[in-house]
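Engineer: Input structure: upload13.txt, which contains compact mmCIF, N, CA and C atoms.
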```txt
# COMPACT_ATOMS: atom_id res chain seq x y z
N MET A 263 -77.63 29.87 -204.80
CA MET A 263 -78.84 29.11 -204.81
C MET A 263 -79.65 29.45 -203.56
N THR A 264 -80.90 29.81 -203.77
CA THR A 264 -81.75 30.17 -202.64
C THR A 264 -82.91 29.21 -202.54
N ASP A 265 -83.29 28.91 -201.34
CA ASP A 265 -84.46 28.08 -201.10
C ASP A 265 -85.68 28.98 -201.08
N SER A 266 -86.82 28.37 -201.28
CA SER A 266 -88.05 29.14 -201.19
C SER A 266 -88.28 29.60 -199.75
N HIS A 267 -87.72 28.83 -198.82
CA HIS A 267 -87.87 29.19 -197.41
C HIS A 267 -87.10 30.48 -197.11
N ASP A 268 -85.93 30.64 -197.72
CA ASP A 268 -85.14 31.85 -197.50
C ASP A 268 -85.85 33.09 -198.03
N LYS A 269 -86.55 32.91 -199.12
CA LYS A 269 -87.23 34.04 -199.74
C LYS A 269 -88.38 34.54 -198.87
N ASP A 270 -89.07 33.63 -198.22
CA ASP A 270 -90.25 33.98 -197.45
C ASP A 270 -89.99 34.05 -195.95
N ASN A 271 -88.74 34.11 -195.55
CA ASN A 271 -88.41 34.09 -194.13
C ASN A 271 -88.69 35.44 -193.51
N LYS A 272 -89.80 35.53 -192.79
CA LYS A 272 -90.17 36.80 -192.17
C LYS A 272 -89.37 37.06 -190.90
N TYR A 273 -88.78 36.03 -190.32
CA TYR A 273 -88.03 36.21 -189.07
C TYR A 273 -86.68 36.86 -189.31
N ASP A 274 -86.15 36.74 -190.50
CA ASP A 274 -84.86 37.35 -190.81
C ASP A 274 -84.93 38.86 -190.66
N LYS A 275 -86.03 39.44 -191.10
CA LYS A 275 -86.22 40.88 -190.98
C LYS A 275 -86.33 41.29 -189.50
N ASP A 276 -87.04 40.50 -188.70
CA ASP A 276 -87.19 40.81 -187.28
C ASP A 276 -85.85 40.79 -186.56
N ASN A 277 -85.03 39.81 -186.87
CA ASN A 277 -83.71 39.73 -186.24
C ASN A 277 -82.84 40.91 -186.64
N HIS A 278 -82.96 41.34 -187.89
CA HIS A 278 -82.19 42.50 -188.34
C HIS A 278 -82.64 43.76 -187.60
N GLU A 279 -83.94 43.92 -187.42
CA GLU A 279 -84.46 45.08 -186.70
C GLU A 279 -84.02 45.07 -185.24
N LYS A 280 -84.03 43.91 -184.60
CA LYS A 280 -83.57 43.81 -183.21
C LYS A 280 -82.10 44.15 -183.11
N SER A 281 -81.34 43.71 -184.10
CA SER A 281 -79.90 44.00 -184.09
C SER A 281 -79.66 45.50 -184.25
N ARG A 282 -80.41 46.13 -185.11
CA ARG A 282 -80.27 47.58 -185.30
C ARG A 282 -80.67 48.33 -184.04
N LEU A 283 -81.74 47.89 -183.39
CA LEU A 283 -82.19 48.54 -182.16
C LEU A 283 -81.16 48.35 -181.05
N ARG A 284 -80.62 47.16 -180.94
CA ARG A 284 -79.59 46.89 -179.92
C ARG A 284 -78.36 47.75 -180.19
N SER A 285 -78.00 47.88 -181.45
CA SER A 285 -76.85 48.72 -181.80
C SER A 285 -77.11 50.19 -181.47
N ALA A 286 -78.33 50.64 -181.71
CA ALA A 286 -78.68 52.03 -181.41
C ALA A 286 -78.63 52.29 -179.91
N PHE A 287 -79.11 51.34 -179.11
CA PHE A 287 -79.05 51.50 -177.65
C PHE A 287 -77.60 51.51 -177.17
N ARG A 288 -76.77 50.67 -177.75
CA ARG A 288 -75.36 50.64 -177.37
C ARG A 288 -74.67 51.95 -177.73
N ASP A 289 -74.98 52.49 -178.91
CA ASP A 289 -74.41 53.78 -179.31
C ASP A 289 -74.86 54.89 -178.36
N ALA A 290 -76.12 54.87 -177.97
CA ALA A 290 -76.63 55.89 -177.03
C ALA A 290 -75.94 55.76 -175.67
N ALA A 291 -75.71 54.54 -175.23
CA ALA A 291 -75.03 54.33 -173.95
C ALA A 291 -73.59 54.82 -174.02
N LEU A 292 -72.91 54.55 -175.13
CA LEU A 292 -71.53 55.03 -175.28
C LEU A 292 -71.48 56.56 -175.34
N PHE A 293 -72.43 57.15 -176.04
CA PHE A 293 -72.50 58.61 -176.11
C PHE A 293 -72.72 59.19 -174.71
N GLY A 294 -73.58 58.56 -173.93
CA GLY A 294 -73.82 59.01 -172.56
C GLY A 294 -72.58 58.91 -171.70
N ARG A 295 -71.80 57.85 -171.91
CA ARG A 295 -70.56 57.71 -171.13
C ARG A 295 -69.56 58.80 -171.50
N VAL A 296 -69.48 59.17 -172.77
CA VAL A 296 -68.54 60.22 -173.19
C VAL A 296 -68.97 61.56 -172.58
N ILE A 297 -70.26 61.85 -172.63
CA ILE A 297 -70.76 63.10 -172.03
C ILE A 297 -70.51 63.10 -170.52
N SER A 298 -70.75 61.97 -169.87
CA SER A 298 -70.51 61.88 -168.42
C SER A 298 -69.04 62.08 -168.07
N ALA A 299 -68.16 61.51 -168.89
CA ALA A 299 -66.73 61.69 -168.64
C ALA A 299 -66.34 63.16 -168.78
N GLY A 300 -66.90 63.83 -169.75
CA GLY A 300 -66.64 65.26 -169.90
C GLY A 300 -67.13 66.07 -168.71
N LEU A 301 -68.29 65.68 -168.18
CA LEU A 301 -68.81 66.37 -166.99
C LEU A 301 -67.95 66.10 -165.76
N VAL A 302 -67.38 64.91 -165.68
CA VAL A 302 -66.46 64.60 -164.56
C VAL A 302 -65.25 65.51 -164.63
N VAL A 303 -64.66 65.65 -165.81
CA VAL A 303 -63.48 66.52 -165.97
C VAL A 303 -63.85 67.96 -165.64
N ALA A 304 -64.98 68.43 -166.14
CA ALA A 304 -65.40 69.81 -165.86
C ALA A 304 -65.65 70.02 -164.37
N GLY A 305 -66.23 69.03 -163.70
CA GLY A 305 -66.47 69.15 -162.27
C GLY A 305 -65.19 69.27 -161.47
N TYR A 306 -64.20 68.45 -161.83
CA TYR A 306 -62.92 68.56 -161.13
C TYR A 306 -62.23 69.88 -161.43
N ALA A 307 -62.33 70.37 -162.66
CA ALA A 307 -61.73 71.67 -162.99
C ALA A 307 -62.40 72.79 -162.18
N PHE A 308 -63.72 72.73 -162.07
CA PHE A 308 -64.44 73.72 -161.28
C PHE A 308 -64.02 73.63 -159.81
N ALA A 309 -63.89 72.42 -159.30
CA ALA A 309 -63.45 72.25 -157.91
C ALA A 309 -62.04 72.80 -157.73
N GLY A 310 -61.19 72.67 -158.74
CA GLY A 310 -59.84 73.23 -158.66
C GLY A 310 -59.85 74.75 -158.60
N VAL A 311 -60.71 75.37 -159.38
CA VAL A 311 -60.83 76.83 -159.35
C VAL A 311 -61.36 77.28 -157.99
N TYR A 312 -62.35 76.57 -157.48
CA TYR A 312 -62.90 76.90 -156.17
C TYR A 312 -61.84 76.74 -155.08
N LEU A 313 -61.05 75.66 -155.17
CA LEU A 313 -59.97 75.43 -154.21
C LEU A 313 -58.91 76.54 -154.31
N ALA A 314 -58.59 76.95 -155.54
CA ALA A 314 -57.60 78.02 -155.73
C ALA A 314 -58.08 79.34 -155.11
N ARG A 315 -59.35 79.64 -155.26
CA ARG A 315 -59.87 80.88 -154.66
C ARG A 315 -59.84 80.79 -153.14
N TRP A 316 -60.14 79.62 -152.60
CA TRP A 316 -60.08 79.43 -151.15
C TRP A 316 -58.64 79.56 -150.66
N MET A 317 -57.70 78.96 -151.41
CA MET A 317 -56.28 79.03 -151.03
C MET A 317 -55.77 80.47 -151.08
N GLU A 318 -56.23 81.22 -152.08
CA GLU A 318 -55.81 82.61 -152.20
C GLU A 318 -56.32 83.44 -151.02
N GLY A 319 -57.54 83.15 -150.60
CA GLY A 319 -58.11 83.85 -149.44
C GLY A 319 -57.39 83.52 -148.14
N LYS A 320 -56.82 82.33 -148.05
CA LYS A 320 -56.08 81.92 -146.85
C LYS A 320 -54.63 82.38 -146.87
N GLY A 321 -54.19 82.96 -147.99
CA GLY A 321 -52.83 83.48 -148.07
C GLY A 321 -51.79 82.46 -148.51
N CYS A 322 -52.19 81.45 -149.24
CA CYS A 322 -51.23 80.46 -149.74
C CYS A 322 -50.34 81.09 -150.82
N PRO A 323 -49.18 80.49 -151.10
CA PRO A 323 -48.30 81.05 -152.13
C PRO A 323 -48.95 81.02 -153.52
N ALA A 324 -48.51 81.94 -154.35
CA ALA A 324 -49.11 82.10 -155.68
C ALA A 324 -48.93 80.86 -156.55
N TRP A 325 -47.79 80.16 -156.39
CA TRP A 325 -47.57 78.98 -157.22
C TRP A 325 -48.57 77.86 -156.87
N GLY A 326 -48.96 77.77 -155.62
CA GLY A 326 -49.96 76.77 -155.21
C GLY A 326 -51.34 77.11 -155.74
N VAL A 327 -51.64 78.42 -155.71
CA VAL A 327 -52.93 78.87 -156.22
C VAL A 327 -53.02 78.61 -157.73
N SER A 328 -51.91 78.82 -158.43
CA SER A 328 -51.89 78.60 -159.88
C SER A 328 -51.92 77.11 -160.23
N LEU A 329 -51.37 76.30 -159.37
CA LEU A 329 -51.27 74.87 -159.65
C LEU A 329 -52.56 74.10 -159.33
N ALA A 330 -53.37 74.61 -158.43
CA ALA A 330 -54.57 73.88 -157.97
C ALA A 330 -55.55 73.56 -159.11
N PRO A 331 -55.95 74.53 -159.96
CA PRO A 331 -56.89 74.17 -161.04
C PRO A 331 -56.29 73.18 -162.04
N LEU A 332 -55.00 73.33 -162.36
CA LEU A 332 -54.37 72.41 -163.30
C LEU A 332 -54.30 71.00 -162.72
N ALA A 333 -53.92 70.89 -161.46
CA ALA A 333 -53.84 69.57 -160.83
C ALA A 333 -55.21 68.92 -160.75
N ALA A 334 -56.24 69.69 -160.42
CA ALA A 334 -57.59 69.14 -160.33
C ALA A 334 -58.09 68.71 -161.71
N ALA A 335 -57.80 69.50 -162.75
CA ALA A 335 -58.22 69.15 -164.11
C ALA A 335 -57.50 67.89 -164.59
N LEU A 336 -56.20 67.76 -164.29
CA LEU A 336 -55.47 66.54 -164.67
C LEU A 336 -56.02 65.32 -163.94
N PHE A 337 -56.32 65.48 -162.65
CA PHE A 337 -56.92 64.37 -161.90
C PHE A 337 -58.29 64.01 -162.48
N GLY A 338 -59.07 65.02 -162.85
CA GLY A 338 -60.38 64.78 -163.46
C GLY A 338 -60.25 64.09 -164.82
N GLY A 339 -59.23 64.47 -165.59
CA GLY A 339 -58.99 63.80 -166.87
C GLY A 339 -58.64 62.33 -166.67
N TRP A 340 -57.85 62.06 -165.66
CA TRP A 340 -57.49 60.68 -165.35
C TRP A 340 -58.73 59.88 -164.95
N GLN A 341 -59.56 60.47 -164.08
CA GLN A 341 -60.79 59.79 -163.66
C GLN A 341 -61.74 59.58 -164.84
N GLY A 342 -61.85 60.57 -165.72
CA GLY A 342 -62.69 60.43 -166.91
C GLY A 342 -62.19 59.32 -167.82
N TRP A 343 -60.86 59.23 -167.97
CA TRP A 343 -60.29 58.17 -168.80
C TRP A 343 -60.58 56.79 -168.21
N LEU A 344 -60.43 56.67 -166.90
CA LEU A 344 -60.75 55.40 -166.24
C LEU A 344 -62.23 55.05 -166.42
N PHE A 345 -63.08 56.04 -166.36
CA PHE A 345 -64.51 55.81 -166.53
C PHE A 345 -64.82 55.32 -167.94
N LEU A 346 -64.14 55.89 -168.94
CA LEU A 346 -64.40 55.49 -170.32
C LEU A 346 -63.83 54.12 -170.66
N THR A 347 -62.71 53.77 -170.06
CA THR A 347 -62.07 52.51 -170.42
C THR A 347 -62.55 51.34 -169.58
N ARG A 348 -63.30 51.59 -168.52
CA ARG A 348 -63.84 50.51 -167.70
C ARG A 348 -64.98 49.84 -168.45
N PRO A 349 -65.10 48.53 -168.38
CA PRO A 349 -66.20 47.85 -169.07
C PRO A 349 -67.56 48.26 -168.50
N PHE A 350 -68.61 48.01 -169.28
CA PHE A 350 -69.96 48.41 -168.87
C PHE A 350 -70.39 47.71 -167.59
N GLY A 351 -70.32 46.38 -167.58
CA GLY A 351 -70.80 45.62 -166.43
C GLY A 351 -69.74 45.51 -165.36
N ARG A 352 -70.16 45.52 -164.14
CA ARG A 352 -69.22 45.34 -163.05
C ARG A 352 -69.11 43.87 -162.73
N GLU A 353 -67.90 43.43 -162.48
CA GLU A 353 -67.70 42.05 -162.09
C GLU A 353 -67.96 41.94 -160.60
N ARG A 354 -68.64 40.91 -160.23
CA ARG A 354 -68.89 40.67 -158.82
C ARG A 354 -67.68 40.00 -158.20
N PRO A 355 -67.43 40.27 -156.96
CA PRO A 355 -66.28 39.63 -156.31
C PRO A 355 -66.42 38.11 -156.36
N GLY A 356 -65.35 37.45 -156.75
CA GLY A 356 -65.35 36.00 -156.78
C GLY A 356 -65.81 35.39 -158.08
N GLU A 357 -66.13 36.21 -159.09
CA GLU A 357 -66.59 35.69 -160.37
C GLU A 357 -65.64 36.04 -161.50
N GLU A 358 -64.41 36.29 -161.19
CA GLU A 358 -63.44 36.63 -162.22
C GLU A 358 -63.09 35.39 -163.03
N GLY A 359 -63.14 35.51 -164.33
CA GLY A 359 -62.76 34.41 -165.20
C GLY A 359 -63.74 33.25 -165.16
N GLY A 360 -64.94 33.47 -164.69
CA GLY A 360 -65.93 32.42 -164.66
C GLY A 360 -65.78 31.45 -163.50
N GLU A 361 -64.79 31.66 -162.66
CA GLU A 361 -64.58 30.77 -161.54
C GLU A 361 -65.08 31.44 -160.27
N LYS A 362 -65.74 30.66 -159.46
CA LYS A 362 -66.21 31.20 -158.18
C LYS A 362 -65.21 30.81 -157.09
N LYS A 363 -64.88 31.78 -156.27
CA LYS A 363 -63.96 31.51 -155.17
C LYS A 363 -64.73 30.97 -153.98
N VAL A 364 -64.15 30.06 -153.31
CA VAL A 364 -64.76 29.47 -152.14
C VAL A 364 -64.35 30.29 -150.92
N THR A 365 -65.34 30.73 -150.18
CA THR A 365 -65.04 31.51 -148.98
C THR A 365 -65.06 30.59 -147.78
N ARG A 366 -64.10 30.77 -146.93
CA ARG A 366 -64.02 29.98 -145.71
C ARG A 366 -64.61 30.76 -144.56
N ARG A 367 -65.27 30.04 -143.68
CA ARG A 367 -65.85 30.70 -142.50
C ARG A 367 -65.12 30.30 -141.28
```
What would the structure in this file look like if it were written as structure tokens?
Structural biologist:
Amino acid sequence: MTDSHDKDNKYDKDNHEKSRLRSAFRDAALFGRVISAGLVVAGYAFAGVYLARWMEGKGCPAWGVSLAPLAAALFGGWQGWLFLTRPFGRERPGEEGGEKKVTRR
């Protein structure tokens, strides 16, 4: 059963459009976070290669030179994972769980 008011409700369409726009912005933000995480991993891998070349020039052992890019890429993967799993908004100190902590002077 529908009311005549439901049939002519022009605001229902506006709310649907706002919801779609909000969803599109959220999807774009998530896509940006995934791309950023990939760039973080690539940056650490590049830094590992640069470090390996520097170590090779200084005469470090071959196993250290071989391990540097892998270790840097694994560290970058860990940092990228932390970046992706962290919530969007940052919590301010003292506002965890909706409770404010009292600071003593």
Engineer: Any idea what the distance is between CA of Ile297 (chain A) and atom C of Ala330 (chain A)?
Structural biologist: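 Spanning CA of Ile297 (chain A) to atom C of Ala330 (chain A) is a straight-line distance of 22.5 Å.
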Engineer: How big is the axis-aligned box, and where does its centre sit, when it encloses all atoms of region 296-312 of chain A listed in the file and has 4 Å added on every side, reported in Å to one decimal as JSON?
Structural biologist:
```
{"center_x": -65.3, "center_y": 68.2, "center_z": -164.1, "size_x": 18.9, "size_y": 26.1, "size_z": 26.1}
```
Engineer: Please compute the CA of Phe308 (chain A)-CA of Pro349 (chain A) distance, one decimal, in Å.
Structural biologist: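 Those two atoms sit 27.1 Å apart.
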Engineer: Find, counting all atoms listed in the file, the residue in A:Ala314, A:Val303, A:Val327, A:Val296 that gets nearest to Leu346 (chain A).
Structural biologist: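 Of the candidates, the smallest distance to Leu346 (chain A) is held by A:Val296.
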Engineer: Between CA of Arg295 (chain A) and CA of Gln341 (chain A), what is the distance, to one decimal in Å?
Structural biologist: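 Computing it gives 12.5 Å between the two atoms.
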